[in-house]
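Enquirer: This one is protein23.pdb, PDB, C-alpha atoms.
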ATOM      1  CA  MET A   1      13.574   2.407   2.758
ATOM      2  CA  GLN A   2      10.204   3.966   3.527
ATOM      3  CA  THR A   3       9.476   5.462   6.948
ATOM      4  CA  PRO A   4       6.388   3.669   8.338
ATOM      5  CA  GLU A   5       4.921   6.596  10.240
ATOM      6  CA  LEU A   6       5.102   8.742   7.105
ATOM      7  CA  VAL A   7       3.654   6.274   4.586
ATOM      8  CA  ILE A   8       0.909   4.256   6.306
ATOM      9  CA  GLY A   9      -2.427   5.462   4.947
ATOM     10  CA  LYS A  10      -0.859   7.129   1.907
ATOM     11  CA  SER A  11      -1.572   6.271  -1.701
ATOM     12  CA  ALA A  12       1.384   4.983  -3.665
ATOM     13  CA  ILE A  13       2.401   3.582  -7.029
ATOM     14  CA  TYR A  14       3.296  -0.101  -6.773
ATOM     15  CA  PHE A  15       5.541  -1.770  -9.325
ATOM     16  CA  ASP A  16       6.626  -5.262  -8.241
ATOM     17  CA  ARG A  17       6.722  -6.983 -11.637
ATOM     18  CA  ASP A  18       6.965 -10.452 -10.035
ATOM     19  CA  LYS A  19       3.464  -9.976  -8.603
ATOM     20  CA  VAL A  20       1.795  -7.401 -10.878
ATOM     21  CA  PRO A  21       2.899  -7.008 -14.516
ATOM     22  CA  HIS A  22       2.186  -3.256 -14.544
ATOM     23  CA  ALA A  23       2.245  -0.338 -12.122
ATOM     24  CA  ILE A  24      -0.905   0.128 -10.045
ATOM     25  CA  ARG A  25      -2.105   2.619  -7.473
ATOM     26  CA  VAL A  26      -2.246   1.215  -3.945
ATOM     27  CA  MET A  27      -2.902   2.264  -0.359
ATOM     28  CA  VAL A  28      -0.043   1.541   2.042
ATOM     29  CA  THR A  29      -2.110  -0.435   4.505
ATOM     30  CA  LYS A  30       0.192  -1.829   7.174
ATOM     31  CA  HIS A  31       3.828  -1.902   8.238
ATOM     32  CA  ILE A  32       4.839  -5.478   9.076
ATOM     33  CA  ASP A  33       8.484  -5.282  10.114
ATOM     34  CA  GLY A  34      11.688  -3.740   8.834
ATOM     35  CA  ASP A  35      11.042  -2.795   5.217
ATOM     36  CA  GLU A  36       8.026  -5.093   4.764
ATOM     37  CA  TYR A  37       4.586  -3.654   4.148
ATOM     38  CA  VAL A  38       1.125  -4.636   3.068
ATOM     39  CA  VAL A  39      -0.262  -2.569   0.207
ATOM     40  CA  SER A  40      -3.860  -2.840  -1.011
ATOM     41  CA  ASP A  41      -5.163  -2.227  -4.506
ATOM     42  CA  PHE A  42      -6.582   1.283  -4.385
ATOM     43  CA  ASP A  43      -9.716   0.306  -6.318
ATOM     44  CA  ASN A  44     -10.238  -3.057  -4.620
ATOM     45  CA  PRO A  45      -9.237  -3.127  -0.921
ATOM     46  CA  SER A  46      -9.624  -6.904  -0.684
ATOM     47  CA  VAL A  47      -6.639  -7.398  -3.034
ATOM     48  CA  PHE A  48      -3.394  -6.872  -1.168
ATOM     49  CA  TYR A  49       0.305  -7.636  -1.535
ATOM     50  CA  LYS A  50       3.084  -8.116   0.988
ATOM     51  CA  THR A  51       6.076  -6.274  -0.355
ATOM     52  CA  GLY A  52       9.272  -4.413   0.386
ATOM     53  CA  GLY A  53       9.319  -0.640   0.560
ATOM     54  CA  TRP A  54      11.444  -0.442  -2.588
ATOM     55  CA  HIS A  55       8.502  -1.737  -4.661
ATOM     56  CA  PHE A  56       6.331   1.325  -4.143
ATOM     57  CA  THR A  57       6.731   5.058  -4.221
ATOM     58  CA  ILE A  58       4.427   7.457  -2.394
ATOM     59  CA  GLU A  59       2.438   9.741  -4.639
ATOM     60  CA  LYS A  60       3.033  13.469  -4.407
ATOM     61  CA  GLU A  61       1.029  15.257  -1.738
ATOM     62  CA  LYS A  62      -1.076  17.008  -4.391
ATOM     63  CA  ASP A  63      -2.055  13.571  -5.781
ATOM     64  CA  GLN A  64      -3.133  12.130  -2.423
ATOM     65  CA  PRO A  65      -6.901  11.674  -2.068
ATOM     66  CA  ASP A  66      -8.665  14.338  -0.017
ATOM     67  CA  GLU A  67     -10.092  11.683   2.272
ATOM     68  CA  THR A  68      -8.316   8.394   2.637
ATOM     69  CA  ALA A  69     -10.292   5.355   3.607
ATOM     70  CA  HIS A  70      -7.325   3.721   5.328
ATOM     71  CA  ALA A  71      -9.607   1.958   7.821
ATOM     72  CA  VAL A  72     -11.413   0.260   4.915
ATOM     73  CA  TYR A  73      -8.134  -1.127   3.518
ATOM     74  CA  LEU A  74      -6.899  -2.238   6.937
ATOM     75  CA  ARG A  75     -10.216  -3.911   7.768
ATOM     76  CA  ALA A  76     -10.234  -5.770   4.414
ATOM     77  CA  TYR A  77      -6.702  -6.998   5.076
ATOM     78  CA  GLU A  78      -7.448  -8.063   8.659
ATOM     79  CA  ASP A  79     -10.630  -9.837   7.580
ATOM     80  CA  ALA A  80      -8.667 -11.747   4.935
ATOM     81  CA  ILE A  81      -6.023 -12.947   7.394
ATOM     82  CA  GLY A  82      -8.499 -13.581  10.196
ATOM     83  CA  ALA A  83      -7.045 -11.009  12.574
TER      84      ALA A  83
END
Mind turning this structure into structure tokens?

Expert:
Amino acid sequence: MQTPELVIGKSAIYFDRDKVPHAIRVMVTKHIDGDEYVVSDFDNPSVFYKTGGWHFTIEKEKDQPDETAHAVYLRAYEDAIGA
């Protein structure tokens, strides 16, 4: 199980084969509850997936972007759900 305060705003590799047939890079956008998260496609913030923490793994610190645009991913998600 991922720890929300340590993973929100981090880039990760996402590999839920039921939703995406290959591994993609994502931004961990929001913690919903328990082990449920929203992750957004790193290259397209308006594409997001609700998933369990076991479907993604945080990239190594050296592979994290120098500046994350977490607010961009969160805003795209909130706009999509009408929050």

Enquirer: I'd like to know which of A:Pro45, A:Lys50, A:Leu74, A:Ala23 is closest to Ile8 in chain A, using all atoms listed in the file.

Expert: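 Once distances to Ile8 in chain A are computed over all atoms listed in the file, the minimum belongs to A:Leu74.
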
Enquirer: Got a sec: who's within 12 Å of Glu67 in chain A, counting all atoms listed in the file, leaving out chain neighbours fewer than 4 positions off, as a list of chain:residue names?

Expert: A:Gly9, A:Lys10, A:Ser11, A:Asp63, A:Ala71, A:Val72

Enquirer: Which neighbours of Lys30 in chain A fall inside 10 Å, counting only C-alpha atoms, when residues of the same chain fewer than 3 positions from it are skipped, and could you give them as a compact mmCIF listing (two decimals) with C-alpha atoms, keeping the file's coordinate frame?

Expert:
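result.txt written:
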# COMPACT_ATOMS: atom_id res chain seq x y z
CA PRO A 4 6.39 3.67 8.34
CA VAL A 7 3.65 6.27 4.59
CA ILE A 8 0.91 4.26 6.31
CA GLY A 9 -2.43 5.46 4.95
CA MET A 27 -2.90 2.26 -0.36
CA ASP A 33 8.48 -5.28 10.11
CA GLU A 36 8.03 -5.09 4.76
CA TYR A 37 4.59 -3.65 4.15
CA VAL A 38 1.12 -4.64 3.07
CA VAL A 39 -0.26 -2.57 0.21
CA SER A 40 -3.86 -2.84 -1.01
CA LYS A 50 3.08 -8.12 0.99
CA HIS A 70 -7.32 3.72 5.33
CA TYR A 73 -8.13 -1.13 3.52
CA LEU A 74 -6.90 -2.24 6.94
CA TYR A 77 -6.70 -7.00 5.08
CA GLU A 78 -7.45 -8.06 8.66

Enquirer: Choose the residue, out of A:Gly34, A:Val26, A:Arg17, A:Ala80, that has the smallest atom-to-atom separation from Ile58 in chain A; count all atoms listed in the file.

Expert: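 The closest residue to Ile58 in chain A is A:Val26.
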
Enquirer: In Å, how far is it from CA of Ile81 in chain A to CA of Pro65 in chain A?

Expert: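 Interatomic distance, CA of Ile81 in chain A to CA of Pro65 in chain A: 26.4 Å.
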
Enquirer: Please report the interatomic distance between CA of Ser46 in chain A and CA of Ala76 in chain A in Å with one decimal.

Expert: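 A separation of 5.3 Å between them.
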
Enquirer: Can you measure CA of Ile13 in chain A to CA of Ile32 in chain A for me? One decimal in Å is fine.

Expert: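 Separation of CA of Ile13 in chain A and CA of Ile32 in chain A: 18.6 Å.
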
Enquirer: Nearest residue to Ala12 in chain A out of A:Asp79, A:Glu59, A:Asp43, A:Asp66, using only C-alpha atoms?

Expert: A:Glu59

Enquirer: Taking all atoms listed in the file into account, which of A:His22, A:Phe15, A:Val28, A:Asp41 comes nearest Trp54 in chain A?

Expert: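 Closest to Trp54 in chain A of all the choices is A:Phe15.
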
Enquirer: Take the point (5.2, -3.7, -3.4) as written in the file and pick out every residue within 7 Å of it, counting all atoms listed in the file; give the list as a PDB file with C-alpha atoms, keeping the file's coordinate frame.

Expert:
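Output below, filename point35.pdb:
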ATOM      1  CA  TYR A  14       3.296  -0.101  -6.773  1.00  0.00           C
ATOM      2  CA  PHE A  15       5.541  -1.770  -9.325  1.00  0.00           C
ATOM      3  CA  ASP A  16       6.626  -5.262  -8.241  1.00  0.00           C
ATOM      4  CA  VAL A  39      -0.262  -2.569   0.207  1.00  0.00           C
ATOM      5  CA  TYR A  49       0.305  -7.636  -1.535  1.00  0.00           C
ATOM      6  CA  LYS A  50       3.084  -8.116   0.988  1.00  0.00           C
ATOM      7  CA  THR A  51       6.076  -6.274  -0.355  1.00  0.00           C
ATOM      8  CA  GLY A  52       9.272  -4.413   0.386  1.00  0.00           C
ATOM      9  CA  GLY A  53       9.319  -0.640   0.560  1.00  0.00           C
ATOM     10  CA  HIS A  55       8.502  -1.737  -4.661  1.00  0.00           C
ATOM     11  CA  PHE A  56       6.331   1.325  -4.143  1.00  0.00           C
TER      12      PHE A  56
END

Enquirer: Nearest residue to Gln2 in chain A out of A:Arg25, A:Thr57, A:Asn44, A:Asp18, using all atoms listed in the file?

Expert: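 Nearest candidate to Gln2 in chain A out of A:Arg25, A:Thr57, A:Asn44, A:Asp18: A:Thr57.
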
Enquirer: Once N, CA, C and O atoms are restored for range 3-20 of chain A, what would the output be as a short mmCIF file (atom, residue, chain, number, x, y, z; two decimals), keeping the file's coordinate frame?

Expert:
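Contents of result-v4.cif, freshly written:
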data_model
loop_
_atom_site.label_atom_id
_atom_site.label_comp_id
_atom_site.auth_asym_id
_atom_site.auth_seq_id
_atom_site.Cartn_x
_atom_site.Cartn_y
_atom_site.Cartn_z
N THR A 3 9.63 5.23 5.52
CA THR A 3 9.48 5.46 6.95
C THR A 3 8.03 5.18 7.32
O THR A 3 7.13 5.90 6.87
N PRO A 4 7.77 4.11 8.10
CA PRO A 4 6.39 3.67 8.34
C PRO A 4 5.43 4.77 8.79
O PRO A 4 4.33 4.88 8.26
N GLU A 5 5.84 5.58 9.73
CA GLU A 5 4.92 6.60 10.24
C GLU A 5 4.58 7.66 9.21
O GLU A 5 3.59 8.37 9.35
N LEU A 6 5.37 7.75 8.15
CA LEU A 6 5.10 8.74 7.10
C LEU A 6 4.33 8.18 5.92
O LEU A 6 3.81 8.94 5.12
N VAL A 7 4.26 6.84 5.79
CA VAL A 7 3.65 6.27 4.59
C VAL A 7 2.37 5.50 4.83
O VAL A 7 1.59 5.33 3.90
N ILE A 8 2.13 5.01 6.04
CA ILE A 8 0.91 4.26 6.31
C ILE A 8 -0.29 5.17 6.05
O ILE A 8 -0.36 6.28 6.55
N GLY A 9 -1.24 4.68 5.27
CA GLY A 9 -2.43 5.46 4.95
C GLY A 9 -2.25 6.39 3.76
O GLY A 9 -3.15 7.15 3.43
N LYS A 10 -1.10 6.30 3.09
CA LYS A 10 -0.86 7.13 1.91
C LYS A 10 -1.09 6.31 0.65
O LYS A 10 -0.92 5.10 0.63
N SER A 11 -1.47 6.97 -0.42
CA SER A 11 -1.57 6.27 -1.70
C SER A 11 -0.19 6.25 -2.34
O SER A 11 0.63 7.15 -2.14
N ALA A 12 0.07 5.19 -3.09
CA ALA A 12 1.38 4.98 -3.66
C ALA A 12 1.24 4.31 -5.03
O ALA A 12 0.18 3.79 -5.37
N ILE A 13 2.32 4.32 -5.78
CA ILE A 13 2.40 3.58 -7.03
C ILE A 13 3.25 2.34 -6.75
O ILE A 13 4.37 2.44 -6.26
N TYR A 14 2.69 1.19 -7.08
CA TYR A 14 3.30 -0.10 -6.77
C TYR A 14 3.77 -0.74 -8.07
O TYR A 14 3.04 -0.74 -9.06
N PHE A 15 4.97 -1.28 -8.07
CA PHE A 15 5.54 -1.77 -9.32
C PHE A 15 6.40 -3.01 -9.15
O PHE A 15 7.48 -3.12 -9.70
N ASP A 16 5.92 -3.99 -8.41
CA ASP A 16 6.63 -5.26 -8.24
C ASP A 16 6.24 -6.19 -9.39
O ASP A 16 5.20 -6.83 -9.37
N ARG A 17 7.06 -6.25 -10.41
CA ARG A 17 6.72 -6.98 -11.64
C ARG A 17 6.59 -8.50 -11.42
O ARG A 17 6.00 -9.18 -12.23
N ASP A 18 7.14 -9.02 -10.31
CA ASP A 18 6.96 -10.45 -10.04
C ASP A 18 5.54 -10.77 -9.59
O ASP A 18 5.10 -11.91 -9.67
N LYS A 19 4.82 -9.76 -9.10
CA LYS A 19 3.46 -9.98 -8.60
C LYS A 19 2.42 -9.32 -9.49
O LYS A 19 1.32 -9.84 -9.64
N VAL A 20 2.73 -8.14 -10.02
CA VAL A 20 1.80 -7.40 -10.88
C VAL A 20 2.57 -6.95 -12.11
O VAL A 20 3.61 -6.31 -11.97
#
